[in-house]
$ cat final_0.txt   # compact mmCIF, C-alpha atoms
# COMPACT_ATOMS: atom_id res chain seq x y z
CA MET A 287 11.18 -23.13 -12.06
CA ASP A 288 9.34 -23.81 -8.82
CA VAL A 289 8.88 -20.59 -6.83
CA ILE A 290 7.49 -20.07 -3.32
CA VAL A 291 5.77 -16.74 -2.63
CA ILE A 292 5.41 -15.92 1.07
CA GLY A 293 2.32 -13.79 1.57
CA GLY A 294 -1.19 -13.76 0.12
CA GLY A 295 -1.96 -10.05 0.15
CA ILE A 296 -2.20 -7.94 -2.99
CA VAL A 297 1.60 -8.00 -3.40
CA GLY A 298 1.86 -11.77 -3.04
CA VAL A 299 -1.10 -12.47 -5.35
CA ALA A 300 0.21 -10.05 -7.99
CA THR A 301 3.65 -11.65 -7.74
CA ALA A 302 2.17 -15.14 -8.15
CA TYR A 303 0.25 -13.96 -11.21
CA GLN A 304 3.32 -12.48 -12.91
CA LEU A 305 5.48 -15.50 -12.06
CA ARG A 306 2.89 -17.85 -13.54
CA ALA A 307 2.59 -15.63 -16.63
CA ALA A 308 6.36 -16.03 -17.00
CA GLY A 309 5.94 -19.81 -16.99
CA HIS A 310 6.91 -20.71 -13.43
CA ARG A 311 5.12 -23.06 -11.06
CA VAL A 312 4.15 -21.17 -7.91
CA CYS A 313 3.21 -22.02 -4.34
CA VAL A 314 1.74 -19.17 -2.26
CA VAL A 315 2.00 -19.61 1.51
CA GLU A 316 -0.42 -17.47 3.52
CA ARG A 317 -1.08 -17.53 7.27
CA HIS A 318 -4.73 -16.47 6.92
CA ALA A 319 -7.61 -18.60 5.64
CA THR A 320 -7.67 -16.90 2.23
CA VAL A 321 -6.04 -14.05 0.32
CA ALA A 322 -6.32 -10.32 1.12
CA GLN A 323 -6.99 -10.77 4.84
CA GLY A 324 -4.10 -8.75 6.25
CA ALA A 325 -3.15 -5.18 5.36
CA THR A 326 -4.80 -5.54 1.94
CA TYR A 327 -8.20 -5.97 3.60
CA GLY A 328 -8.33 -2.35 4.77
CA HIS A 329 -7.05 -0.73 1.58
CA GLY A 330 -8.58 2.70 0.98
CA GLY A 331 -9.37 2.11 -2.68
CA ALA A 332 -6.91 4.40 -4.50
CA MET A 333 -5.44 2.37 -7.34
CA LEU A 334 -2.38 4.43 -8.32
CA PRO A 335 -0.53 7.10 -6.33
CA THR A 336 0.14 10.56 -7.71
CA PRO A 337 2.71 13.12 -6.50
CA LEU A 338 -0.10 14.48 -4.29
CA ASP A 339 -0.52 11.35 -2.20
CA VAL A 340 2.80 9.54 -2.00
CA TRP A 341 3.84 8.99 1.61
CA PHE A 342 6.90 11.21 1.48
CA GLY A 343 7.64 14.80 0.52
CA PRO A 344 6.72 18.28 1.70
CA THR A 345 3.04 17.87 2.56
CA PHE A 346 3.46 14.52 4.30
CA MET A 347 6.34 15.62 6.48
CA GLN A 348 4.99 19.09 7.23
CA SER A 349 1.51 17.84 8.08
CA ARG A 350 2.76 15.35 10.66
CA ARG A 351 3.86 18.25 12.88
CA ALA A 352 0.61 20.19 12.60
CA PRO A 353 -1.88 20.09 15.48
CA LYS A 354 -4.55 18.67 13.14
CA SER A 355 -2.26 16.29 11.26
CA GLY A 356 -3.41 12.98 9.82
CA ILE A 357 -0.55 11.23 11.66
CA VAL A 358 -1.02 10.08 15.26
CA PHE A 359 2.13 9.87 17.35
CA LYS A 360 2.56 7.64 20.37
CA PRO A 361 4.05 9.31 23.48
CA GLY A 362 7.59 8.17 24.29
CA PHE A 363 8.67 8.05 20.66
CA ASN A 364 11.81 5.88 20.57
CA SER A 365 15.17 6.65 18.98
CA GLY A 366 14.70 4.22 16.08
CA ALA A 367 11.48 5.91 15.04
CA ARG A 368 13.08 9.34 15.39
CA ARG A 369 15.93 8.27 13.07
CA PHE A 370 13.38 6.97 10.59
CA MET A 371 11.47 10.25 10.52
CA ARG A 372 14.68 12.26 10.16
CA ARG A 373 15.50 10.30 7.01
CA LEU A 374 12.04 10.99 5.60
CA ASP A 375 12.57 14.65 6.49
CA GLN A 376 15.30 14.78 3.86
CA LEU A 377 12.66 14.42 1.12
CA GLN A 378 10.92 17.70 1.99
CA ALA A 379 13.05 19.81 -0.34
CA PRO A 380 11.49 20.21 -3.82
CA ASP A 381 14.58 18.84 -5.61
CA ALA A 382 14.77 15.72 -3.45
CA PHE A 383 11.02 15.20 -3.76
CA ARG A 384 11.17 15.52 -7.55
CA GLU A 385 14.10 13.12 -7.81
CA HIS A 386 12.28 10.46 -5.82
CA CYS A 387 9.04 10.87 -7.74
CA LEU A 388 10.99 10.49 -10.99
CA ARG A 389 12.39 7.21 -9.71
CA LEU A 390 8.96 6.00 -8.64
CA LYS A 391 7.06 6.97 -11.80
CA PRO A 392 8.23 4.04 -13.99
CA LEU A 393 7.00 1.62 -11.32
CA ILE A 394 3.60 3.34 -11.21
CA ASP A 395 3.41 3.26 -15.02
CA ALA A 396 4.26 -0.45 -15.02
CA SER A 397 1.54 -1.07 -12.43
CA ARG A 398 -0.99 0.84 -14.51
CA GLU A 399 -0.19 -1.35 -17.53
CA ALA A 400 -0.27 -4.57 -15.50
CA ILE A 401 -3.64 -3.78 -13.87
CA ALA A 402 -5.15 -2.81 -17.24
CA ASP A 403 -3.87 -6.01 -18.83
CA ILE A 404 -5.38 -8.21 -16.10
CA GLU A 405 -8.63 -6.25 -16.11
CA ASN A 406 -9.08 -6.43 -19.88
CA ARG A 407 -7.84 -9.98 -20.33
CA PHE A 408 -10.25 -11.46 -17.79
CA LYS A 409 -13.04 -8.82 -17.84
CA LEU A 410 -12.84 -8.36 -14.10
CA GLU A 411 -15.27 -6.16 -12.20
CA PHE A 412 -14.01 -5.00 -8.81
CA GLU A 413 -16.14 -1.95 -8.02
CA GLN A 414 -14.13 0.44 -10.18
CA GLN A 415 -15.05 4.11 -10.08
CA SER A 416 -13.48 6.97 -12.06
CA GLY A 417 -12.65 10.36 -10.64
CA VAL A 418 -10.55 11.43 -7.65
CA LEU A 419 -10.79 14.87 -6.05
CA HIS A 420 -8.01 16.01 -3.70
CA VAL A 421 -9.10 18.81 -1.40
CA VAL A 422 -7.00 21.18 0.73
CA ARG A 423 -8.31 23.22 3.67
CA HIS A 424 -5.74 25.98 4.31
CA GLN A 425 -3.85 28.32 2.01
CA ARG A 426 -0.49 27.56 3.63
CA GLU A 427 -1.05 23.87 2.90
CA TRP A 428 -2.01 24.69 -0.66
CA GLU A 429 1.32 26.45 -1.03
CA GLN A 430 3.10 23.31 0.22
CA LEU A 431 1.50 21.39 -2.65
CA GLN A 432 3.13 23.46 -5.35
CA SER A 433 6.10 21.12 -5.91
CA ALA A 434 3.64 18.26 -6.40
CA LEU A 435 1.56 20.34 -8.83
CA ASP A 436 4.73 21.16 -10.75
CA LEU A 437 5.40 17.44 -11.12
CA LEU A 438 1.87 16.77 -12.36
CA ARG A 439 2.52 19.23 -15.16
CA GLU A 440 5.97 17.82 -15.84
CA PHE A 441 4.61 14.26 -15.98
CA GLU A 442 1.72 15.48 -18.19
CA MET A 443 -0.78 13.85 -15.85
CA GLN A 444 -4.31 14.89 -16.75
CA HIS A 445 -5.63 17.03 -13.89
CA HIS A 446 -7.57 20.23 -13.17
CA VAL A 447 -6.76 22.72 -10.43
CA LEU A 448 -10.10 23.89 -8.99
CA THR A 449 -11.38 26.70 -6.83
CA PRO A 450 -13.62 25.77 -3.87
CA ALA A 451 -16.71 26.66 -5.91
CA GLU A 452 -15.52 24.46 -8.77
CA CYS A 453 -14.88 21.60 -6.35
CA ALA A 454 -18.45 21.84 -5.09
CA ALA A 455 -19.72 22.00 -8.67
CA VAL A 456 -18.02 18.74 -9.73
CA GLU A 457 -18.69 16.97 -6.41
CA HIS A 458 -21.99 18.05 -4.84
CA SER A 459 -21.19 16.40 -1.48
CA VAL A 460 -18.31 18.83 -0.77
CA PRO A 461 -19.57 21.92 1.13
CA THR A 462 -18.18 25.37 0.41
CA GLU A 463 -18.50 26.34 4.08
CA PRO A 464 -16.31 26.46 6.05
CA GLU A 465 -14.01 28.03 3.51
CA PHE A 466 -11.18 25.94 2.06
CA ALA A 467 -8.23 26.58 -0.29
CA GLY A 468 -9.14 24.49 -3.34
CA GLY A 469 -8.71 21.10 -4.94
CA VAL A 470 -7.20 19.02 -7.72
CA LEU A 471 -9.38 16.79 -9.88
CA PHE A 472 -8.15 13.65 -11.63
CA GLU A 473 -11.00 12.67 -13.92
CA THR A 474 -9.39 9.48 -15.24
CA GLU A 475 -7.77 8.15 -12.05
CA ARG A 476 -9.79 5.45 -10.31
CA THR A 477 -10.62 3.87 -7.01
CA ALA A 478 -11.79 0.29 -6.57
CA ASN A 479 -12.04 -2.63 -4.16
CA CYS A 480 -8.50 -3.92 -3.65
CA PRO A 481 -9.37 -7.07 -1.62
CA LEU A 482 -11.94 -8.03 -4.26
CA PHE A 483 -9.35 -7.53 -7.02
CA ALA A 484 -6.91 -9.83 -5.17
CA LYS A 485 -9.60 -12.50 -4.75
CA LEU A 486 -10.57 -12.31 -8.43
CA VAL A 487 -6.95 -12.69 -9.52
CA LYS A 488 -6.65 -15.66 -7.17
CA GLN A 489 -9.73 -17.15 -8.84
CA VAL A 490 -8.11 -16.66 -12.26
CA LEU A 491 -5.00 -18.46 -11.03
CA ASP A 492 -7.11 -21.32 -9.64
CA GLU A 493 -8.91 -21.76 -12.95
CA ASN A 494 -5.79 -21.72 -15.08
CA GLY A 495 -3.59 -23.92 -12.89
CA GLY A 496 0.08 -23.75 -12.08
CA VAL A 497 -0.39 -21.92 -8.75
CA GLU A 498 -1.04 -23.66 -5.44
CA PHE A 499 -2.24 -21.79 -2.36
CA LYS A 500 -1.41 -23.07 1.12
CA PHE A 501 -3.63 -21.26 3.60
CA GLY A 502 -3.46 -21.22 7.37
CA ARG A 503 0.30 -21.79 7.30
CA SER A 504 2.95 -19.47 8.70
CA VAL A 505 6.57 -19.50 7.58
CA THR A 506 8.99 -19.73 10.49
CA ALA A 507 12.28 -19.82 8.59
CA ILE A 508 13.81 -19.60 5.13
CA ARG A 509 16.62 -21.85 3.92
CA VAL A 510 18.78 -21.00 0.92
CA ASP A 511 21.87 -22.73 -0.47
CA ASN A 512 23.52 -23.23 -3.84
CA GLN A 513 21.29 -26.13 -4.81
CA ARG A 514 17.83 -25.29 -3.53
CA ALA A 515 15.66 -22.98 -1.44
CA ALA A 516 13.07 -23.96 1.13
CA VAL A 517 10.72 -22.64 3.79
CA GLU A 518 9.88 -24.14 7.17
CA LEU A 519 6.23 -24.00 8.17
CA ALA A 520 4.77 -23.62 11.64
CA PRO A 521 2.42 -26.38 12.84
CA ARG A 522 -1.21 -26.02 11.91
CA GLU A 523 -3.55 -24.73 14.58
CA GLY A 524 -4.12 -27.44 17.19
CA GLU A 525 -1.08 -29.43 16.06
CA SER A 526 1.84 -29.91 18.45
CA ALA A 527 5.26 -28.81 17.25
CA HIS A 528 6.77 -31.88 18.95
CA SER A 529 4.46 -34.41 17.35
CA ARG A 530 6.11 -34.53 13.93
CA GLU A 531 9.11 -33.51 11.87
CA VAL A 532 9.51 -29.95 10.62
CA ASP A 533 7.25 -29.29 7.63
CA VAL A 534 9.45 -28.05 4.78
CA ILE A 535 8.59 -26.95 1.23
CA ALA A 536 11.43 -26.77 -1.29
CA ALA A 537 11.68 -24.73 -4.48
CA ASP A 538 14.15 -23.13 -6.86
CA ALA A 539 13.50 -19.62 -5.57
CA ILE A 540 11.63 -17.78 -2.83
CA VAL A 541 9.91 -14.39 -2.93
CA VAL A 542 9.23 -12.73 0.42
CA ALA A 543 6.07 -10.64 -0.02
CA ALA A 544 4.54 -10.86 3.45
CA GLY A 545 4.21 -7.16 4.23
CA ALA A 546 5.09 -6.38 7.85
CA GLY A 547 5.74 -10.08 8.42
CA SER A 548 8.65 -9.94 5.98
CA LEU A 549 11.12 -8.19 8.29
CA PRO A 550 11.48 -10.97 10.91
CA LEU A 551 12.02 -13.58 8.18
CA ILE A 552 14.82 -11.72 6.46
CA GLN A 553 16.36 -10.57 9.74
CA ARG A 554 16.93 -14.23 10.65
CA LEU A 555 18.96 -14.49 7.45
CA GLY A 556 21.09 -11.51 8.43
CA LEU A 557 19.40 -8.73 6.43
CA ASP A 558 18.35 -5.84 8.65
CA LEU A 559 16.44 -3.15 6.75
CA PRO A 560 15.44 0.23 8.22
CA LEU A 561 11.75 -0.04 7.31
CA HIS A 562 9.18 1.05 9.84
CA PRO A 563 5.68 -0.21 10.64
CA LEU A 564 2.83 2.21 10.12
CA ARG A 565 -0.51 1.27 11.65
CA LEU A 566 -3.41 2.36 9.44
CA HIS A 567 -7.15 2.46 10.03
CA ALA A 568 -10.29 2.26 7.95
CA LEU A 569 -14.01 2.65 8.44
CA THR A 570 -16.48 0.93 6.14
CA ALA A 571 -19.82 2.67 6.57
CA PRO A 572 -23.21 2.31 4.91
CA ILE A 573 -24.40 5.31 2.94
CA ALA A 574 -26.66 7.44 5.13
CA TYR A 575 -28.35 9.56 2.45
CA GLU A 576 -27.98 8.76 -1.23
CA GLU A 577 -28.40 12.40 -2.23
CA ARG A 578 -25.35 13.30 -0.12
CA ALA A 579 -23.12 10.41 -1.18
CA PRO A 580 -20.11 11.38 -3.33
CA HIS A 581 -19.80 10.17 -6.90
CA LEU A 582 -16.06 10.90 -6.89
CA ALA A 583 -13.46 9.69 -4.41
CA VAL A 584 -12.58 12.58 -2.11
CA VAL A 585 -9.08 12.75 -0.60
CA ASP A 586 -7.93 15.05 2.17
CA ALA A 587 -4.56 15.74 0.54
CA ILE A 588 -2.81 16.86 3.72
CA LYS A 589 -4.17 14.31 6.19
CA ARG A 590 -3.88 11.46 3.64
CA ILE A 591 -7.47 10.33 4.26
CA THR A 592 -9.32 8.75 1.33
CA MET A 593 -13.12 8.62 1.16
CA SER A 594 -14.27 6.36 -1.67
CA ARG A 595 -17.57 4.78 -2.60
CA MET A 596 -17.88 1.02 -3.06
CA ASN A 597 -21.44 0.29 -4.16
CA GLN A 598 -23.65 1.08 -1.15
CA ARG A 599 -20.72 1.54 1.21
CA LEU A 600 -18.16 4.23 1.88
CA ARG A 601 -14.57 3.32 2.73
CA ILE A 602 -12.75 5.97 4.78
CA ALA A 603 -9.08 5.10 5.17
CA GLY A 604 -6.04 6.73 6.78
CA GLY A 605 -5.55 7.60 10.43
CA ALA A 606 -1.91 6.50 10.49
CA VAL A 607 -0.28 5.79 13.85
CA MET A 608 3.50 5.99 13.99
CA GLN A 609 5.04 4.11 16.91
CA GLY A 610 8.12 2.07 17.79
CA VAL A 611 8.81 -1.25 16.08
CA ARG A 612 8.23 -3.31 19.22
CA GLU A 613 4.97 -1.54 20.01
CA SER A 614 3.61 -2.34 16.54
CA THR A 615 3.34 -6.04 17.42
CA LYS A 616 1.12 -5.30 20.43
CA PRO A 617 -2.54 -4.25 20.51
CA LEU A 618 -2.90 -0.53 20.02
CA ALA A 619 -3.79 1.44 23.13
CA GLU A 620 -7.45 2.44 23.16
CA PRO A 621 -6.80 6.22 23.22
CA LEU A 622 -4.67 5.93 20.07
CA THR A 623 -7.29 3.84 18.30
CA LYS A 624 -9.94 6.36 19.27
CA ALA A 625 -7.79 9.25 18.04
CA ALA A 626 -7.19 7.57 14.67
CA LEU A 627 -10.85 6.66 14.12
CA THR A 628 -11.91 10.15 15.20
CA LEU A 629 -9.71 11.55 12.42
CA LEU A 630 -11.57 9.41 9.88
CA GLY A 631 -14.98 10.34 11.22
CA GLN A 632 -14.08 14.01 11.27
CA ALA A 633 -12.89 13.85 7.64
CA THR A 634 -16.29 12.58 6.50
CA HIS A 635 -18.00 15.32 8.51
CA ASP A 636 -15.73 17.97 6.99
CA TRP A 637 -15.73 16.91 3.35
CA ILE A 638 -18.81 14.72 2.74
CA PRO A 639 -21.20 15.62 5.59
CA GLY A 640 -24.24 13.40 5.92
CA ALA A 641 -22.95 10.83 3.42
CA ALA A 642 -21.80 8.07 5.78
CA LYS A 643 -23.54 6.44 8.72
CA ILE A 644 -20.45 6.45 10.93
CA SER A 645 -22.33 5.02 13.92
CA ALA A 646 -22.83 1.79 11.93
CA ALA A 647 -19.31 1.67 10.47
CA LEU A 648 -17.05 -1.36 10.72
CA ALA A 649 -13.58 -0.42 11.94
CA TRP A 650 -10.32 -2.03 10.76
CA GLU A 651 -6.67 -1.57 11.60
CA GLY A 652 -3.58 -3.11 10.10
CA VAL A 653 0.16 -2.61 9.77
CA LYS A 654 1.99 -1.61 6.61
CA LEU A 655 5.71 -1.09 6.13
CA LEU A 656 7.08 2.29 5.11
CA SER A 657 10.67 2.78 4.02
CA PRO A 658 12.73 5.83 5.06
CA ASP A 659 12.85 6.94 1.42
CA GLY A 660 9.20 6.19 0.65
CA LEU A 661 10.02 3.54 -1.98
CA PRO A 662 9.33 -0.21 -1.78
CA VAL A 663 12.04 -2.86 -1.44
CA VAL A 664 12.09 -4.97 -4.60
CA GLY A 665 14.80 -7.24 -5.98
CA GLN A 666 17.30 -9.94 -5.15
CA ALA A 667 18.50 -10.13 -1.56
CA LEU A 668 21.44 -11.92 0.09
CA HIS A 669 21.29 -14.97 -2.20
CA PRO A 670 20.63 -15.67 -5.90
CA ARG A 671 17.56 -17.72 -4.94
CA LEU A 672 16.02 -15.15 -2.60
CA PHE A 673 13.90 -12.19 -3.73
CA VAL A 674 11.93 -9.56 -1.80
CA ASN A 675 8.87 -7.51 -2.64
CA PHE A 676 7.52 -5.44 0.26
CA GLY A 677 7.57 -2.00 1.89
CA HIS A 678 5.02 -0.46 -0.49
CA GLY A 679 3.36 1.52 2.30
CA PRO A 680 -0.26 2.68 1.99
CA ALA A 681 0.11 2.79 -1.83
CA GLY A 682 0.50 -0.99 -1.95
CA TRP A 683 -1.95 -1.71 -4.74
CA GLY A 684 -0.65 1.03 -6.99
CA LEU A 685 2.90 -0.32 -6.82
CA ALA A 686 2.32 -4.05 -6.29
CA CYS A 687 1.49 -5.03 -9.84
CA GLY A 688 4.52 -3.23 -11.27
CA SER A 689 6.93 -4.55 -8.65
CA ALA A 690 5.53 -8.06 -9.23
CA LYS A 691 6.55 -7.78 -12.89
CA VAL A 692 10.05 -6.67 -11.84
CA VAL A 693 10.40 -9.70 -9.54
CA ALA A 694 9.10 -12.11 -12.18
CA ASP A 695 11.67 -10.79 -14.66
CA LEU A 696 14.49 -11.13 -12.13
CA VAL A 697 13.49 -14.68 -11.16
CA SER A 698 13.37 -15.56 -14.86
CA GLY A 699 16.85 -14.14 -15.41
CA ASN A 700 15.54 -11.34 -17.64
CA ALA A 701 16.37 -7.66 -17.45
CA PRO A 702 13.28 -5.78 -16.21
CA SER A 703 11.93 -3.13 -18.58
CA MET A 704 12.60 -0.43 -16.02
CA PRO A 705 15.17 2.40 -15.98
CA PRO A 706 18.39 1.39 -14.17
CA ASP A 707 18.08 4.25 -11.68
CA THR A 708 14.59 3.06 -10.69
CA LEU A 709 15.80 -0.51 -10.22
CA ALA A 710 18.74 0.72 -8.15
CA ALA A 711 16.41 2.85 -6.02
CA LEU A 712 14.29 -0.23 -5.21
CA ARG A 713 17.10 -2.67 -4.36
CA PRO A 714 17.34 -3.84 -0.74
CA ASP A 715 21.06 -3.09 -0.60
CA ARG A 716 20.47 0.64 -1.24
CA PHE A 717 20.32 1.26 2.51
CA ALA A 718 23.89 0.03 3.02
CA SER A 719 25.44 3.25 1.75

$ encode --input "final_0.txt" --output "C-alpha cells"
Amino acid sequence: MDVIVIGGGIVGVATAYQLRAAGHRVCVVERHATVAQGATYGHGGAMLPTPLDVWFGPTFMQSRRAPKSGIVFKPGFNSGARRFMRRLDQLQAPDAFREHCLRLKPLIDASREAIADIENRFKLEFEQQSGVLHVVRHQREWEQLQSALDLLREFEMQHHVLTPAECAAVEHSVPTEPEFAGGVLFETERTANCPLFAKLVKQVLDENGGVEFKFGRSVTAIRVDNQRAAVELAPREGESAHSREVDVIAADAIVVAAGAGSLPLIQRLGLDLPLHPLRLHALTAPIAYEERAPHLAVVDAIKRITMSRMNQRLRIAGGAVMQGVRESTKPLAEPLTKAALTLLGQATHDWIPGAAKISAALAWEGVKLLSPDGLPVVGQALHPRLFVNFGHGPAGWGLACGSAKVVADLVSGNAPSMPPDTLAALRPDRFAS
C-alpha cells in the first residue's frame, strides 16, 4: 500500500519506519526543512516513562496547585482549559492512577522493544546514557509518590529507593543541603538525544529506500473516500496560491502524526478531540565544571524537570505552561517565558549546582498535545483509510515507537499484539462516551 504520514517528528519518523518494515511505500510530509524540528527538537532526553513521570496522577495534579509547582498558569484561564484539568483531576485517586498505568504499560513495553530492535539492528549511537535518579524535596510530596512506588513494585521495574545521603553517594552533583526527602534510582533506564535518534532513523530509511520525505510542505486538507485518500499541500514559500492548481498527493491510507498540528486537520473532517496544548521549554547549556557535572540524569519528580547530559552539554527540560487553546498559537508573553525558564534554571541550581553554564544556554519552546486522560490517541479515525497517532505529551519518544507499531499493524489489516483494553484506551472514539 501507499501511505502518507503527516509529520516528521519522532512520532512521524517512527511511524514511517514501522510502515516500511511492514512492506508499505511511505511518503512523509513535513512543514520544516528536515525531521525533528518541531516539538521533538526540545525533547528532554528521557526515553521511556515510568509511573513516577507520566503526565497524570497524584503528583502531577497536586503539584500544579503548589506555589512552587513545575506548571505555569496563564491568568484568565478559560473554561475549556478548566474542563480539561478537571478531567485530569479524576486520575488523582490511587485506583484510577493504577488502572491507567496498567493500560499504558503494554505501549511502553512495545516501545522499549521497538527502540532496542532499531538500535541493535543498525548499531545506532545517539548519545545514550544509563541511569536516571528521581529526586523529591519535601516529605509531603514523597508521600504523594507512594502509589507510583507501589506500581514500580507491582510491575517489577528495577529500582532503588534512596535516602538523601544515598542519592548524593550515587550522584555526586546532588547536594545534601538543603535537606530533601529522598530519591528513586533506575540504574537501567536511559536518556539520550531524541532529535538525533529521529535523524538517524531517517538516514536508515533513506539508505534502504521505500520512504520519500517531502520537506517544507504543509498539509492544508485531507481527503478520504471509498477509493482513495489524499492530502492537499500549501504552496511552497514564495509561491502564489493563485498561480497553479492545488497540489495533491494521493495514497491508499493517511496517518496524521503532526503533533499539535494534527487537531486542525482532523477538525476539518469533523473529529473534535478534547486534547489540550501544553507549551514546554528547554535549556541546552554547556557544562560549567566537569567535576560538578552529573553522570546520571536527574529528574525533579514533582516539577517534572529533567536534567540530562548529552556529551558536553546539559539539557534541562520542563517548565510547562498551560493556557487556552487559542493562546497556544500566539507567541508566549514574555513574563510567562521568563517564569518557565526561571523554573529550569532554578532546578539546576537546586539539584546540580555549578554543573551548567545557564548564562550561555540556548532556550527552546514548543507545543505538545496532552489528552485529558494522559494517554495518546492512536488508531483508526472516521474512515477506514484514515489513522491517527498523536497526543503523546512530553513522553513522546517513550510512546512513539510502540504506537507506530500499532498503527502499522492496523494499516496492514493485522491485529496489534496489544491487550484489547490498551487498544480501546488509545482509540480516538474513547472520548465520545

$ closest_atom_pairs --input "final_0.txt" --of "range 531-603 of chain A" --to "range 465-469 of chain A" --cutoff "12 Å" --atoms "all atoms listed in the file" --output "tab-separated table"
residue	atom	partner	partner_atom	distance
A:Val584	CA	A:Gly469	CA	9.8
A:Val585	CA	A:Gly469	CA	9.4
A:Asp586	CA	A:Gly469	CA	9.4
A:Ala587	CA	A:Gly469	CA	8.7
A:Ile588	CA	A:Gly469	CA	11.3

$ residues_around --input "final_0.txt" --residues "Ala308 in chain A" --least-positions-apart "6" --cutoff "10 Å" --atoms "all atoms listed in the file" --output "list in words"
Met287, Ala302, Lys691, Ala694, Asp695, Val697 and Ser698 of chain A

$ residues_around --input "final_0.txt" --residues "Ala520 in chain A" --least-positions-apart "6" --cutoff "9 Å" --atoms "only C-alpha atoms" --output "list in words"
Arg503, Ser504, Val505, Thr506, Ala507, Ala527, Val532 and Asp533 of chain A

$ residues_around --input "final_0.txt" --residues "Ala539 in chain A" --least-positions-apart "3" --cutoff "6 Å" --atoms "only C-alpha atoms" --output "MDAnalysis selection string"
chainID A and resid 289 515 671:672

$ closest_residue --input "final_0.txt" --among "A:His329, A:Arg389, A:Arg368, A:His445" --to "Ala711 in chain A" --atoms "all atoms listed in the file"
A:Arg389

$ residues_around --input "final_0.txt" --residues "Val470 in chain A" --least-positions-apart "3" --cutoff "9 Å" --atoms "only C-alpha atoms" --output "PyMOL selection string"
chain A and resi 418-422+435+445-449+453

$ closest_residue --input "final_0.txt" --among "A:Leu491, A:Leu338, A:Leu555, A:Leu712" --to "Ser657 in chain A" --atoms "only C-alpha atoms"
A:Leu712

$ residues_around --input "final_0.txt" --residues "His678 in chain A" --least-positions-apart "4" --cutoff "10 Å" --atoms "all atoms listed in the file" --output "list in words"
Val297, Trp341, Gly545, Lys654, Leu655, Leu656, Ser657, Gly660, Leu661, Pro662, Val663, Val664, Gly682, Trp683, Gly684, Leu685, Ala686 and Ser689 of chain A

$ axis_aligned_box --input "final_0.txt" --around "range 552-565 of chain A" --padding-each-side "5 Å" --output "lines of an AutoDock Vina configuration file"
center_x = 10.3
center_y = -6.1
center_z = 9.0
size_x = 31.6
size_y = 26.7
size_z = 15.2

$ atom_distance --input "final_0.txt" --atom1 "CA of Val542 in chain A" --atom2 "CA of Phe501 in chain A"
15.8 Å

$ closest_atom_pairs --input "final_0.txt" --of "range 483-600 of chain A" --to "range 612-634 of chain A" --cutoff "8 Å" --atoms "all atoms listed in the file" --output "Markdown table"
| residue | atom | partner | partner_atom | distance |
| --- | --- | --- | --- | --- |
| A:Pro563 | CA | A:Ser614 | CA | 6.6 |
| A:Leu564 | CA | A:Ser614 | CA | 7.9 |
| A:Arg565 | CA | A:Ser614 | CA | 7.3 |
| A:His567 | CA | A:Ala626 | CA | 6.9 |
| A:Ala568 | CA | A:Leu630 | CA | 7.5 |
| A:Leu569 | CA | A:Leu630 | CA | 7.3 |
| A:Asp586 | CA | A:Ala633 | CA | 7.5 |
| A:Ile591 | CA | A:Leu630 | CA | 7.0 |
| A:Met593 | CA | A:Thr634 | CA | 7.4 |

$ residues_near_point --input "final_0.txt" --point "(2.1, -16.6, -8.6)" --cutoff "9 Å" --atoms "all atoms listed in the file" --output "VMD selection string"
chain A and resid 289 to 291 298 to 307 310 to 314 488 491 496 to 498

$ atom_distance --input "final_0.txt" --atom1 "CA of Thr336 in chain A" --atom2 "CA of Thr462 in chain A"
24.9 Å

$ atom_distance --input "final_0.txt" --atom1 "CA of Leu559 in chain A" --atom2 "CA of Phe717 in chain A"
7.2 Å

$ closest_residue --input "final_0.txt" --among "A:Leu437, A:Leu377, A:Ala367, A:Met443" --to "Gln609 in chain A" --atoms "all atoms listed in the file"
A:Ala367
